[in-house]
Structures are given as structure tokens and as C-alpha cells.
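Chemist: Hey, dropping target25.txt in here, compact mmCIF, C-alpha atoms:
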```txt
# COMPACT_ATOMS: atom_id res chain seq x y z
CA MET A 1 67.69 -56.11 8.95
CA GLY A 2 65.02 -56.40 6.28
CA THR A 3 62.29 -56.08 8.90
CA MET A 4 63.81 -52.86 10.25
CA THR A 5 64.05 -51.42 6.74
CA THR A 6 60.43 -52.27 6.03
CA ALA A 7 59.32 -50.71 9.33
CA ALA A 8 61.27 -47.52 8.61
CA ALA A 9 59.75 -47.32 5.13
CA ALA A 10 56.26 -47.82 6.53
CA ASP A 11 56.88 -45.16 9.18
CA ALA A 12 58.09 -42.73 6.52
CA GLN A 13 55.04 -43.48 4.41
CA VAL A 14 52.74 -42.84 7.38
CA LYS A 15 54.48 -39.51 8.08
CA THR A 16 54.18 -38.51 4.41
CA LYS A 17 50.46 -39.27 4.40
CA ALA A 18 50.01 -37.36 7.67
CA ALA A 19 51.83 -34.34 6.23
CA ALA A 20 49.76 -34.51 3.05
CA GLY A 21 46.57 -34.74 5.11
CA LYS A 22 47.65 -31.74 7.18
CA LYS A 23 48.30 -29.69 4.04
CA LEU A 24 44.93 -30.74 2.60
CA ARG A 25 43.10 -29.73 5.78
CA LYS A 26 44.96 -26.41 5.79
CA PHE A 27 43.95 -25.85 2.17
CA TRP A 28 40.29 -26.51 2.87
CA ARG A 29 40.49 -24.27 5.89
CA TYR A 30 41.54 -21.33 3.74
CA ALA A 31 39.54 -22.37 0.66
CA PRO A 32 37.03 -19.49 1.03
CA LEU A 33 39.90 -16.99 0.94
CA PHE A 34 41.31 -18.61 -2.21
CA VAL A 35 37.86 -18.40 -3.83
CA MET A 36 37.59 -14.71 -2.87
CA VAL A 37 40.97 -13.86 -4.40
CA LEU A 38 40.42 -15.93 -7.56
CA PRO A 39 38.48 -13.22 -9.52
CA GLU A 40 41.25 -10.71 -8.80
CA ILE A 41 43.90 -13.17 -10.00
CA ILE A 42 41.94 -13.79 -13.20
CA TYR A 43 41.52 -10.03 -13.70
CA LEU A 44 45.26 -9.51 -13.12
CA LEU A 45 46.15 -12.15 -15.70
CA ILE A 46 43.74 -10.78 -18.31
CA ASN A 47 44.41 -7.09 -17.71
CA ASN A 48 48.15 -7.07 -16.91
CA TYR A 49 49.78 -10.18 -18.34
CA LEU A 50 47.76 -11.23 -21.40
CA PRO A 51 48.35 -7.87 -23.15
CA MET A 52 52.12 -8.42 -22.78
CA PHE A 53 51.95 -10.57 -25.92
CA GLY A 54 51.34 -7.28 -27.70
CA LEU A 55 54.95 -6.26 -27.04
CA VAL A 56 55.73 -7.80 -30.41
CA ILE A 57 54.03 -4.76 -32.00
CA ALA A 58 57.03 -2.64 -30.97
CA PHE A 59 59.24 -4.67 -33.30
CA LYS A 60 56.94 -4.82 -36.34
CA ASP A 61 55.73 -2.59 -39.13
CA ILE A 62 52.06 -3.12 -38.46
CA ASN A 63 49.91 -3.75 -41.51
CA PHE A 64 46.29 -4.25 -40.52
CA ALA A 65 45.60 -6.13 -43.75
CA LYS A 66 48.19 -8.75 -42.77
CA GLY A 67 47.46 -8.77 -39.06
CA ILE A 68 49.85 -8.38 -36.13
CA TRP A 69 51.65 -11.71 -36.41
CA ALA A 70 52.03 -11.60 -40.20
CA SER A 71 53.28 -8.00 -40.35
CA ASP A 72 56.89 -7.38 -41.35
CA TRP A 73 59.53 -7.61 -38.62
CA VAL A 74 61.59 -4.38 -38.40
CA GLY A 75 63.60 -5.00 -35.22
CA PHE A 76 64.56 -1.82 -33.37
CA LYS A 77 63.61 0.54 -36.18
CA ASN A 78 60.51 1.72 -34.29
CA PHE A 79 62.76 2.89 -31.44
CA GLU A 80 64.87 5.13 -33.65
CA TYR A 81 62.43 8.05 -33.78
CA LEU A 82 62.65 8.45 -29.99
CA PHE A 83 66.42 8.89 -30.08
CA LYS A 84 67.13 10.40 -33.49
CA THR A 85 64.61 13.22 -33.31
CA SER A 86 65.90 16.69 -32.48
CA ASP A 87 63.45 16.77 -29.56
CA ALA A 88 64.81 13.60 -27.91
CA TRP A 89 66.92 15.46 -25.36
CA LEU A 90 64.17 18.00 -24.64
CA ILE A 91 61.38 15.49 -23.96
CA THR A 92 63.66 13.22 -21.92
CA ARG A 93 64.95 16.13 -19.84
CA ASN A 94 61.45 17.47 -19.20
CA THR A 95 60.09 14.04 -18.25
CA LEU A 96 62.88 13.25 -15.81
CA LEU A 97 63.12 16.68 -14.17
CA TYR A 98 59.38 17.10 -13.71
CA ASN A 99 58.91 13.61 -12.26
CA ALA A 100 61.92 13.96 -9.96
CA ALA A 101 60.56 17.28 -8.66
CA PHE A 102 57.07 15.81 -8.24
CA ILE A 103 58.39 12.84 -6.24
CA VAL A 104 60.39 14.99 -3.82
CA ILE A 105 57.92 17.85 -3.38
CA ASN A 106 54.82 15.63 -3.10
CA LEU A 107 56.61 13.45 -0.55
CA VAL A 108 57.52 16.38 1.70
CA ILE A 109 54.10 18.04 1.47
CA ALA A 110 52.12 14.80 1.85
CA VAL A 111 54.06 13.71 4.95
CA ALA A 112 53.80 17.19 6.50
CA VAL A 113 50.04 17.42 5.91
CA ALA A 114 49.54 13.85 7.18
CA ILE A 115 51.34 14.75 10.42
CA LEU A 116 49.18 17.87 10.80
CA LEU A 117 45.97 15.92 10.15
CA ASN A 118 47.00 13.37 12.75
CA GLU A 119 46.96 16.18 15.31
CA VAL A 120 43.28 16.94 14.59
CA LYS A 121 41.51 15.12 17.41
CA ASN A 122 37.93 16.00 16.45
CA LYS A 123 36.77 13.09 14.25
CA LEU A 124 34.27 15.20 12.31
CA PHE A 125 36.84 17.83 11.38
CA ALA A 126 39.47 15.15 10.64
CA ARG A 127 37.18 13.39 8.16
CA PHE A 128 36.20 16.71 6.60
CA TYR A 129 39.83 17.72 6.04
CA GLN A 130 40.70 14.27 4.65
CA SER A 131 37.82 14.51 2.18
CA VAL A 132 38.80 18.02 1.11
CA ILE A 133 42.41 17.12 0.34
CA LEU A 134 41.38 13.92 -1.48
CA ILE A 135 38.76 15.51 -3.75
CA PRO A 136 41.30 17.00 -6.25
CA HIS A 137 42.67 13.50 -6.90
CA LEU A 138 39.21 12.41 -8.04
CA ILE A 139 38.64 15.31 -10.44
CA SER A 140 39.16 14.67 -14.14
CA MET A 141 42.22 16.34 -15.60
CA VAL A 142 40.02 17.83 -18.33
CA ILE A 143 38.12 19.74 -15.63
CA VAL A 144 41.41 20.70 -13.98
CA GLY A 145 42.58 22.13 -17.30
CA TYR A 146 39.56 24.42 -17.48
CA LEU A 147 39.95 25.41 -13.83
CA VAL A 148 43.51 26.48 -14.62
CA LEU A 149 42.23 28.33 -17.69
CA ALA A 150 39.74 30.18 -15.48
CA MET A 151 42.68 31.34 -13.37
CA LEU A 152 45.19 32.10 -16.14
CA SER A 153 43.12 33.21 -19.12
CA GLY A 154 44.56 36.39 -20.59
CA GLU A 155 41.15 38.03 -21.05
CA THR A 156 38.98 36.70 -18.22
CA GLY A 157 41.43 34.94 -15.89
CA TYR A 158 41.07 35.62 -12.17
CA ILE A 159 44.79 36.29 -11.70
CA ASN A 160 45.00 38.81 -14.54
CA LYS A 161 41.73 40.54 -13.66
CA GLN A 162 41.77 40.51 -9.87
CA ILE A 163 45.16 39.75 -8.36
CA LEU A 164 47.78 41.37 -10.60
CA PRO A 165 46.01 44.78 -10.88
CA ARG A 166 45.82 45.02 -7.07
CA LEU A 167 49.55 44.36 -6.90
CA GLY A 168 50.21 47.04 -9.49
CA LEU A 169 51.43 44.49 -12.05
CA ASP A 170 50.62 44.21 -15.74
CA PRO A 171 48.59 41.23 -17.02
CA ILE A 172 50.62 38.22 -18.13
CA SER A 173 50.00 36.23 -21.29
CA TRP A 174 50.31 32.88 -19.49
CA TYR A 175 49.67 30.66 -22.50
CA SER A 176 52.44 32.21 -24.58
CA GLU A 177 55.16 32.38 -21.90
CA PRO A 178 56.87 28.97 -21.40
CA LYS A 179 58.98 30.21 -18.47
CA TYR A 180 56.02 30.22 -16.07
CA TRP A 181 54.81 26.70 -16.75
CA PRO A 182 57.30 24.63 -14.75
CA TYR A 183 55.85 26.37 -11.68
CA VAL A 184 52.24 26.15 -12.87
CA LEU A 185 52.47 22.43 -13.64
CA THR A 186 54.23 21.71 -10.36
CA LEU A 187 51.56 23.53 -8.35
CA VAL A 188 48.75 21.76 -10.22
CA ASN A 189 50.40 18.38 -9.68
CA ILE A 190 50.81 19.05 -5.94
CA TRP A 191 47.19 20.20 -5.62
CA LYS A 192 45.90 17.13 -7.43
CA HIS A 193 48.09 14.28 -6.15
CA ALA A 194 49.56 15.23 -2.77
CA GLY A 195 46.22 14.52 -1.06
CA TYR A 196 46.20 10.91 -2.19
CA LEU A 197 49.69 10.32 -0.82
CA CYS A 198 48.74 12.20 2.33
CA VAL A 199 45.91 9.75 3.07
CA ILE A 200 48.30 6.80 2.69
CA TYR A 201 50.86 8.32 5.03
CA LEU A 202 48.13 9.31 7.48
CA ALA A 203 46.97 5.69 7.63
CA ALA A 204 50.55 4.65 8.42
CA ILE A 205 50.85 7.31 11.16
CA ILE A 206 47.54 6.26 12.74
CA GLY A 207 48.88 2.72 12.94
CA ILE A 208 51.78 3.77 15.20
CA ASP A 209 51.39 2.57 18.79
CA PRO A 210 50.41 5.60 20.96
CA GLU A 211 52.63 4.26 23.75
CA TYR A 212 55.68 5.53 21.87
CA TYR A 213 54.36 9.09 22.05
CA GLU A 214 53.28 8.70 25.68
CA ALA A 215 56.77 7.55 26.65
CA ALA A 216 58.34 10.43 24.69
CA THR A 217 56.02 12.93 26.36
CA ILE A 218 56.97 11.61 29.80
CA ASP A 219 60.64 12.01 28.86
CA GLY A 220 59.96 15.64 27.96
CA ALA A 221 60.24 15.34 24.17
CA SER A 222 58.66 18.17 22.17
CA LYS A 223 56.30 17.58 19.22
CA TRP A 224 59.10 18.24 16.76
CA GLN A 225 61.36 15.76 18.52
CA GLN A 226 58.57 13.16 18.50
CA ILE A 227 58.09 13.66 14.77
CA ARG A 228 61.81 13.25 14.06
CA ALA A 229 62.43 10.33 16.43
CA ILE A 230 59.13 8.40 16.19
CA THR A 231 56.78 9.38 13.36
CA VAL A 232 59.16 9.69 10.42
CA PRO A 233 61.31 6.61 11.24
CA LEU A 234 58.23 4.39 11.74
CA ILE A 235 56.58 5.40 8.48
CA THR A 236 59.84 5.19 6.52
CA PRO A 237 58.98 1.72 5.09
CA VAL A 238 55.74 3.12 3.62
CA ILE A 239 57.57 6.17 2.29
CA THR A 240 60.19 3.92 0.70
CA VAL A 241 57.62 1.69 -1.01
CA MET A 242 55.64 4.64 -2.40
CA THR A 243 58.82 6.34 -3.61
CA LEU A 244 60.07 3.18 -5.32
CA LEU A 245 56.74 2.79 -7.11
CA GLN A 246 56.95 6.38 -8.31
CA ILE A 247 60.56 5.91 -9.45
CA GLY A 248 59.33 2.98 -11.54
CA ARG A 249 57.17 5.42 -13.50
CA ILE A 250 59.72 8.23 -13.71
CA PHE A 251 59.83 7.87 -17.51
CA TYR A 252 56.04 8.13 -17.65
CA SER A 253 54.21 11.43 -17.43
CA ASP A 254 50.74 12.42 -16.35
CA PHE A 255 49.37 12.86 -19.86
CA GLY A 256 46.45 14.99 -18.75
CA LEU A 257 48.70 17.32 -16.78
CA PHE A 258 51.03 18.01 -19.71
CA TYR A 259 48.43 17.96 -22.49
CA GLN A 260 45.10 19.11 -21.07
CA VAL A 261 46.29 21.75 -18.61
CA PRO A 262 48.46 23.70 -21.13
CA LEU A 263 45.63 23.15 -23.68
CA ASP A 264 48.13 21.70 -26.19
CA THR A 265 49.51 25.19 -26.80
CA GLY A 266 52.41 25.12 -29.24
CA ALA A 267 54.21 28.09 -27.68
CA LEU A 268 54.55 26.19 -24.38
CA MET A 269 56.10 23.00 -25.79
CA PRO A 270 59.68 23.80 -24.71
CA THR A 271 58.55 23.34 -21.10
CA THR A 272 55.44 21.13 -21.46
CA ASN A 273 56.44 18.56 -24.07
CA VAL A 274 57.30 15.19 -22.49
CA ILE A 275 57.66 11.64 -23.80
CA ASP A 276 53.96 10.79 -23.53
CA THR A 277 52.71 13.94 -25.27
CA TYR A 278 55.38 13.60 -27.96
CA VAL A 279 54.35 10.01 -28.66
CA TYR A 280 50.69 11.00 -28.75
CA ARG A 281 51.30 13.77 -31.26
CA ALA A 282 53.50 11.48 -33.35
CA LEU A 283 50.76 8.83 -33.33
CA LEU A 284 48.18 11.40 -34.47
CA ARG A 285 50.49 12.64 -37.20
CA LEU A 286 51.90 9.32 -38.44
CA GLY A 287 49.29 6.81 -37.29
CA ASP A 288 52.09 4.32 -36.53
CA ILE A 289 51.15 2.20 -33.52
CA GLY A 290 54.47 0.35 -33.78
CA MET A 291 56.31 3.52 -32.81
CA SER A 292 53.98 4.28 -29.89
CA SER A 293 54.32 0.67 -28.68
CA ALA A 294 58.10 0.99 -28.86
CA ALA A 295 57.95 4.12 -26.70
CA GLY A 296 55.75 2.35 -24.15
CA LEU A 297 58.11 -0.63 -24.01
CA TYR A 298 61.11 1.68 -23.62
CA GLN A 299 59.43 3.48 -20.71
CA SER A 300 58.48 0.21 -19.03
CA VAL A 301 61.95 -1.35 -19.32
CA VAL A 302 63.72 1.76 -18.07
CA GLY A 303 61.27 2.07 -15.18
CA PHE A 304 61.76 -1.59 -14.26
CA VAL A 305 65.53 -1.21 -14.26
CA LEU A 306 65.31 1.93 -12.12
CA VAL A 307 63.10 0.12 -9.59
CA LEU A 308 65.62 -2.73 -9.37
CA ILE A 309 68.53 -0.33 -8.89
CA SER A 310 66.66 1.80 -6.33
CA ASN A 311 65.44 -1.24 -4.42
CA TYR A 312 68.96 -2.68 -4.35
CA ALA A 313 70.31 0.61 -2.98
CA VAL A 314 67.59 0.64 -0.29
CA SER A 315 68.20 -3.02 0.63
CA ARG A 316 71.92 -2.38 1.08
CA ARG A 317 71.09 0.36 3.56
CA ASN A 318 68.14 -1.28 5.33
CA ARG A 319 66.77 -4.61 4.17
CA GLU A 320 63.46 -4.16 6.00
CA ASN A 321 62.60 -1.03 4.01
CA ALA A 322 63.16 -2.65 0.60
CA LEU A 323 60.26 -3.42 -1.68
CA PHE A 324 61.46 -6.98 -2.29
```
Render the structure in this file as C-alpha cells.

Modeler:
Amino acid sequence: MGTMTTAAAADAQVKTKAAAGKKLRKFWRYAPLFVMVLPEIIYLLINNYLPMFGLVIAFKDINFAKGIWASDWVGFKNFEYLFKTSDAWLITRNTLLYNAAFIVINLVIAVAVAILLNEVKNKLFARFYQSVILIPHLISMVIVGYLVLAMLSGETGYINKQILPRLGLDPISWYSEPKYWPYVLTLVNIWKHAGYLCVIYLAAIIGIDPEYYEAATIDGASKWQQIRAITVPLITPVITVMTLLQIGRIFYSDFGLFYQVPLDTGALMPTTNVIDTYVYRALLRLGDIGMSSAAGLYQSVVGFVLVLISNYAVSRRNRENALF
């Protein structure tokens, strides 16, 4: 009996060593890949996780003479100005409505343009069109602000000087009329960001097996039917992931879009003031980094919760399309 037990133990030990040796060989096999990814991991830790220790600033009354850790603890007092101000409802409403509109409109336009680009068979023209629609995404928002000014300036703007007179309409004082700016900002956002999303969706469409379309063509399906039954369903996972990522930043705003494009004009604040611009102006006026840190933490937590809720809703409907 003792001999059998000893033999079983020895056999188990041999198997354990064999498994360990197999894992070690597998590790060395992929060692070059681990070395390649190591700098990115280090960068991620330094750039994304190490600064998270600074979250404590949101709960302190920062005194630079004392330092961050020795400054007085004030709890949630830094969060009060976001909710007690008379502008709290206005900036929250603007942030949510603009971002919700941007997500939906950019999604529809980006997918539509990606489908159209996929139909361009000439490689030279296809690359040209892809470059053209991607260029706005690479332009600084400061430059975009001046391009918009060149179009909307009351004295020298192209629209006021060239377009409106030909239509028999009077010039419009764009920078003193808040009612026009939801449309202006939406158009600028589409022009600048839809191209980037379009390239992502185009890459997903290109990855679809052509045999699906060949079979559909043989069955007599039209282009529209192929788009509905093949293209859109097969790129739905990519659409879902991109949408979830955008929902995670729904409480963030494109600062340049809402600050640089309207040129920080006070008359336009009812329709251009959002959380980020409000915090920036408060920081300039008060110089309190604790308050701005509190706003950033609030935006991050709300965005994280929204991603969890949205991902859960997606996973209940189709697990394969969920982000995690």
C-alpha cells in the first residue's frame, strides 16, 4: 500500500514538473512579445494609474505651502459648487444633450459614409477620400475656431457677405444669437469627428468575408438589402464598443469645441456653457484646483457607472456585443 502511494506521489510530481516545464517553454516562446508590450504597460501605469493618487486633491483644501498630503481635509465640500450653483442645471443639460446628439448623429453619418466608401473600388480614389474625411480630425480646434469665424463673422464672414445676400436675407449677428449655436456646434463636431469614426467602421466593413455578399447577390438581394442583412449586423459589435466608449465620456465635453469655436463669447453661454468650460472659468476665477479635481472625479465616476449600466443592458440582449 505504501509502495503504491509513493509511486502515485512520484507520478504526480513528474506531471507537475512536466506542466511547469511546458509553461516555461511557452513563456520563453512568447518572451519577445512580452518585451515588446512592456514599454506600453509601463507607460500605461505611469500615465493612467499613477496619477490616480491625485484623486485625494478633490477632497482637500489645497495649500501649496503645506503640500498636497498635509493640506486640510474638506470632504465633499469641493463638490458643492457643481450642484449648488444656479448654472448647475444649465451646464448639466447642455453637456448631456450635446453629447447624446453627437453620439447618435456621428454614428449614423460615420456608418453611412463608411458604407459608401466601401463601394469605391478604385484604390487611389478610396485612399484619397479616406484622407480627406480624416484630415478635419487632425486639425487643431484653435484653427477650427478661426475657420468658423471666417464663415460667421458679422463684418467679413463668408455667409453674411456671400450667401445670405444672394438669398435675399439680412446678415445675422452669429456671435450674439445663442439660438443658432446648437446647430453650429453640431455641424462642426460632425465635420471634425465623423471621419475618424468612419475610418474605424470602414475597417470593420472591409473585414467582412466577400462570400456573404456574393451569396446575397446570387439570391437576388439588392444593395440596400445587403446593407441591412449583412453589413450592419456584422459591424454591430464594433458599433457597440465605440458607442459604449462614447457613453463613458458623456459627462465630458470637447473643451475646444465649446470654448474655442464660440470664442468664449458671453452672450452665447446659455447654449455653449458645459461642465468643462464652467470648471475652467471657475478655476481661472477662483484658482481652486480642489474644485476642478472634484469636477473631474465626478465626471469620471458618472461615466464609469454609465458604461457599466450600458454594457449590462447590451450583454442582456447579446452577450457577444458587450464590451466585457

Chemist: With distances taken over all atoms listed in the file, which of A:Leu284, A:Ile218, A:Val241, A:Val184 is nearest to A:Tyr98?

Modeler: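 Of all the options, A:Val184 lies closest to A:Tyr98.
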
Chemist: Please identify every residue of stretch 160-224 of chain A that has at least one atom no farther than 7 Å from an atom of stretch 261-282 of chain A, counting only C-alpha atoms, and for each give the shortest atom pair and the distance in Å to one decimal, arranged by chain then increasing number, as CSV.

Modeler:
```
residue,atom,partner,partner_atom,distance
A:Tyr175,CA,A:Leu268,CA,6.9
A:Ser176,CA,A:Ala267,CA,5.5
A:Glu177,CA,A:Leu268,CA,6.7
A:Pro178,CA,A:Leu268,CA,4.7
A:Trp181,CA,A:Thr271,CA,6.6
A:Pro182,CA,A:Thr271,CA,6.6
```

Chemist: List the spatial neighbours of A:Met291 as a list in words - criterion: any atom at most 10 Å away, only C-alpha atoms, same-chain residues fewer than 3 positions off excluded.

Modeler: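 Listing them by chain and then by number gives Ile57, Ala58, Phe59, Lys60, Asp61, Ile62, Phe76, Lys77, Asn78, Phe79, Glu80, Tyr81, Leu82, Val279, Ala282, Leu283, Leu286, Gly287, Asp288, Ala294, Ala295, Gly296 and Leu297 of chain A.
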
Chemist: Pick from A:Leu55, A:Ser310, A:Gln130, A:Leu107: nearest to A:Gly75, with all atoms listed in the file counted?

Modeler: A:Leu55

Chemist: Of the residues A:Leu44, A:Ala322, A:Ile227, A:Ile172, which is the one nearest to A:Ala112, using all atoms listed in the file?

Modeler: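 Smallest distance to A:Ala112 is found for A:Ile227.
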
Chemist: Using only C-alpha atoms, which protein or nucleic acid residues come within 8 Å of A:Ile250? Drop anything in the same chain fewer than 2 positions from it, and give the result as a list in words.

Modeler: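 Near neighbours after the sequence-gap exclusion: Thr95, Leu96, Asn99, Ala100, Gln246, Ile247, Gly248, Tyr252, Ser253 and Gly303 of chain A.
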
Chemist: Figure out the distance between atom CA of A:Ile230 and atom CA of A:Asn189, please, to one decimal in Å.

Modeler: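 These atoms are spaced 29.1 Å apart.
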
Chemist: Rounded to one decimal in Å, what is the spacing between atom CA of A:Ser71 and atom CA of A:Ala88?

Modeler: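 So the answer is 27.5 Å.
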
Chemist: Residues within 9 Å of A:Phe324, please, as a compact mmCIF listing (two decimals) with C-alpha atoms, keeping the file's coordinate frame. Count all atoms listed in the file; anything in the same chain fewer than 6 positions from it doesn't count.

Modeler:
```txt
# COMPACT_ATOMS: atom_id res chain seq x y z
CA ASN A 311 65.44 -1.24 -4.42
CA TYR A 312 68.96 -2.68 -4.35
CA SER A 315 68.20 -3.02 0.63
```

Chemist: Quick one: distance from atom CA of A:Arg285 to atom CA of A:Gly256 in Å, one decimal?

Modeler: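 That distance, rounded to one decimal, is 19.0 Å.
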
Chemist: Rank nothing, just name the residue among A:Met36, A:Ser140, A:Ile235, A:Ser86 nearest to A:Asp209, using all atoms listed in the file.

Modeler: A:Ile235
